[in-house]
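One structure is given here, and the rest of the page talks about it.
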Amino acid sequence: MDERFHEPPYAYSAHLGMRMLDWSDGYCRFEMPLAGVLMNRHGNPHGGAHASLLDTVMGYAGCWTGDPEHRQMALTLTLNVQYLSRPRGEVFLGEAWKTGGGKSTFFAEGEVCDETGELIAKGTGTFRYRRG
């Protein structure tokens with residue numbers, strides 16, 4: 001990844017341990033270690049952890065500008081998550097792709113795997129670009 005485009009984590013993503021791995025036109029990839037604070041009462045990652053990672057990578061996937069001085073922001077309008085499996089590993093890897101859109105909104109899809117390759121969750125979302 002070109003370091004000029006690397007953004008430090010915002011407060012919530014830093015709290016969850018997210019870290020940007022790759023970001024380019026229509027694509028984004030983050031990792032998130034499965035720390036104890038992310039677990040539910042069954043000892044599995046809380047569904048909100050999956051959703052937060054998907055929301056983040058899908059949002060970034062649609063906000064690439066190609067100019068590190070011009071940051072584009074977006075708001076989530078819809079977020080759909082399908083929970084498919086439990087992780088076998090210790091790190092969530094979230095990837096997302098912008099799938100369409102126009103001047104004010106965009107669509108994205110994403111997936112969460114662990115470092116063993118286990119597909120954990122998939123998601124889709126609709127996002128609105130922020131102006132100004």
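Naming scheme: A, B, ... for chains in displayed order of the structure tokens; residues 1 onward per chain; ligands 1 onward as shown.
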
* What lies within 9 Å of A:Ile120 using only C-alpha atoms, ignoring chain neighbours under 4 positions off, as JSON, numbers by chain? -> {"A": [50, 82, 83, 84, 85, 86, 87, 92, 111, 112, 113, 114]}

Serialized selection, N, CA, C and O atoms, as a compact mmCIF listing (two decimals), in the first residue's frame:
```
# COMPACT_ATOMS: atom_id res chain seq x y z
N HIS A 50 -17.99 -8.14 13.89
CA HIS A 50 -18.05 -8.44 12.46
C HIS A 50 -18.64 -7.23 11.71
O HIS A 50 -18.10 -6.79 10.69
N GLN A 82 -24.33 -11.24 7.02
CA GLN A 82 -24.65 -12.66 7.09
C GLN A 82 -23.52 -13.34 7.87
O GLN A 82 -22.37 -13.30 7.42
N TYR A 83 -23.87 -13.93 8.99
CA TYR A 83 -22.89 -14.63 9.83
C TYR A 83 -22.82 -16.07 9.37
O TYR A 83 -23.82 -16.78 9.37
N LEU A 84 -21.64 -16.52 8.97
CA LEU A 84 -21.50 -17.82 8.31
C LEU A 84 -20.77 -18.87 9.13
O LEU A 84 -21.06 -20.06 9.00
N SER A 85 -19.80 -18.47 9.94
CA SER A 85 -18.97 -19.44 10.63
C SER A 85 -18.29 -18.77 11.82
O SER A 85 -18.32 -17.55 11.96
N ARG A 86 -17.70 -19.61 12.65
CA ARG A 86 -16.87 -19.10 13.76
C ARG A 86 -15.41 -19.13 13.31
O ARG A 86 -15.01 -20.00 12.53
N PRO A 87 -14.62 -18.21 13.83
CA PRO A 87 -13.20 -18.20 13.44
C PRO A 87 -12.45 -19.38 14.03
O PRO A 87 -12.77 -19.86 15.11
N PHE A 92 -9.32 -11.29 12.52
CA PHE A 92 -10.28 -11.06 11.44
C PHE A 92 -9.59 -10.26 10.34
O PHE A 92 -8.86 -9.31 10.61
N GLU A 111 -16.37 -9.06 2.97
CA GLU A 111 -16.32 -10.34 3.67
C GLU A 111 -15.28 -10.28 4.77
O GLU A 111 -14.33 -9.51 4.71
N VAL A 112 -15.51 -11.12 5.77
CA VAL A 112 -14.58 -11.27 6.89
C VAL A 112 -14.13 -12.72 6.91
O VAL A 112 -14.95 -13.64 6.95
N CYS A 113 -12.81 -12.91 6.86
CA CYS A 113 -12.19 -14.22 7.00
C CYS A 113 -11.26 -14.14 8.20
O CYS A 113 -11.02 -13.06 8.74
N ASP A 114 -10.73 -15.27 8.62
CA ASP A 114 -9.64 -15.23 9.58
C ASP A 114 -8.36 -15.61 8.86
O ASP A 114 -8.38 -15.89 7.65
```

* Would you mind listing what lies within 10 Å of A:Leu54 as a VMD selection string, with only C-alpha atoms counted and same-chain residues fewer than 3 positions away left out? => chain A and resid 29 to 30 48 to 51 57 to 60 79 to 81 93 to 96 108 to 112 121 to 125

* Asked: Do you know which residues are at most 8 Å from A:Leu77 counting only C-alpha atoms, after dropping those on the same chain fewer than 5 positions away, and could you put them as a list in words?
  -> Gly125, Thr126, Phe127 and Arg128 of chain A

Create the file for the chosen residues now, containing N, CA and C atoms and written as an mmCIF file, in the first residue's frame.
```cif
data_model
loop_
_atom_site.group_PDB
_atom_site.id
_atom_site.type_symbol
_atom_site.label_atom_id
_atom_site.label_comp_id
_atom_site.auth_asym_id
_atom_site.auth_seq_id
_atom_site.Cartn_x
_atom_site.Cartn_y
_atom_site.Cartn_z
ATOM 1 N N GLY A 125 -23.722 -3.096 1.794
ATOM 2 C CA GLY A 125 -24.115 -1.810 2.366
ATOM 3 C C GLY A 125 -24.366 -0.770 1.308
ATOM 4 N N THR A 126 -25.124 0.243 1.734
ATOM 5 C CA THR A 126 -25.385 1.433 0.934
ATOM 6 C C THR A 126 -24.871 2.614 1.740
ATOM 7 N N PHE A 127 -24.153 3.500 1.084
ATOM 8 C CA PHE A 127 -23.493 4.619 1.769
ATOM 9 C C PHE A 127 -23.768 5.918 1.027
ATOM 10 N N ARG A 128 -23.845 7.007 1.784
ATOM 11 C CA ARG A 128 -24.035 8.342 1.203
ATOM 12 C C ARG A 128 -22.754 9.141 1.409
#
```

* Those in chain A with alpha helix (DSSP H) from DSSP, as an NGL selection string -> :A and (11-16 or 47-61)

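With only C-alpha atoms as the atoms that count, the residue of A:Thr78, A:Arg131, A:Met39, A:Val91 with the shortest distance to A:Gly17 is A:Val91.
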
* **DSSP-assigned strand (DSSP E) among chain A, expressed as a PyMOL selection string** => chain A and resi 19-24+27-33+74-83+91-101+105-114+119-129

* To do: Might you pull out every residue within 12 Å of A:Glu69, with only C-alpha atoms counted and same-chain residues fewer than 2 positions away left off, and present them as a PyMOL selection string?
  => chain A and resi 4-7+64-67+71-72

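Closest approach to A:Glu90 from the set A:Ala35, A:Ser52, A:Cys63, A:Arg41 is made by A:Ala35, with distances taken over only C-alpha atoms.
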
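Distance-wise, atom CA of A:Arg88 and atom CA of A:Gly26 end up 28.6 Å apart.
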
* **Length of the atom CA of A:Gly36 to atom CA of A:Leu21 vector [Å]** => 22.0 Å

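Closest approach to A:Met20 from the set A:Met32, A:Leu119, A:Val37, A:Leu75 is made by A:Met32, with distances taken over only C-alpha atoms.
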
* To do: Write out as a list in words the residues lying within 9 Å of A:Gly89, counting only C-alpha atoms and excluding same-chain residues fewer than 5 positions away.
  => Leu34, Asp114, Glu115, Thr116, Gly117 and Glu118 of chain A

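Proximity ranking of A:Met1, A:Pro8, A:Lys98, A:Asn40 relative to A:Asp25 places A:Lys98 first, based on only C-alpha atoms.
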
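Atom CA of A:Ala74 lies 9.2 Å from atom CA of A:Phe106.
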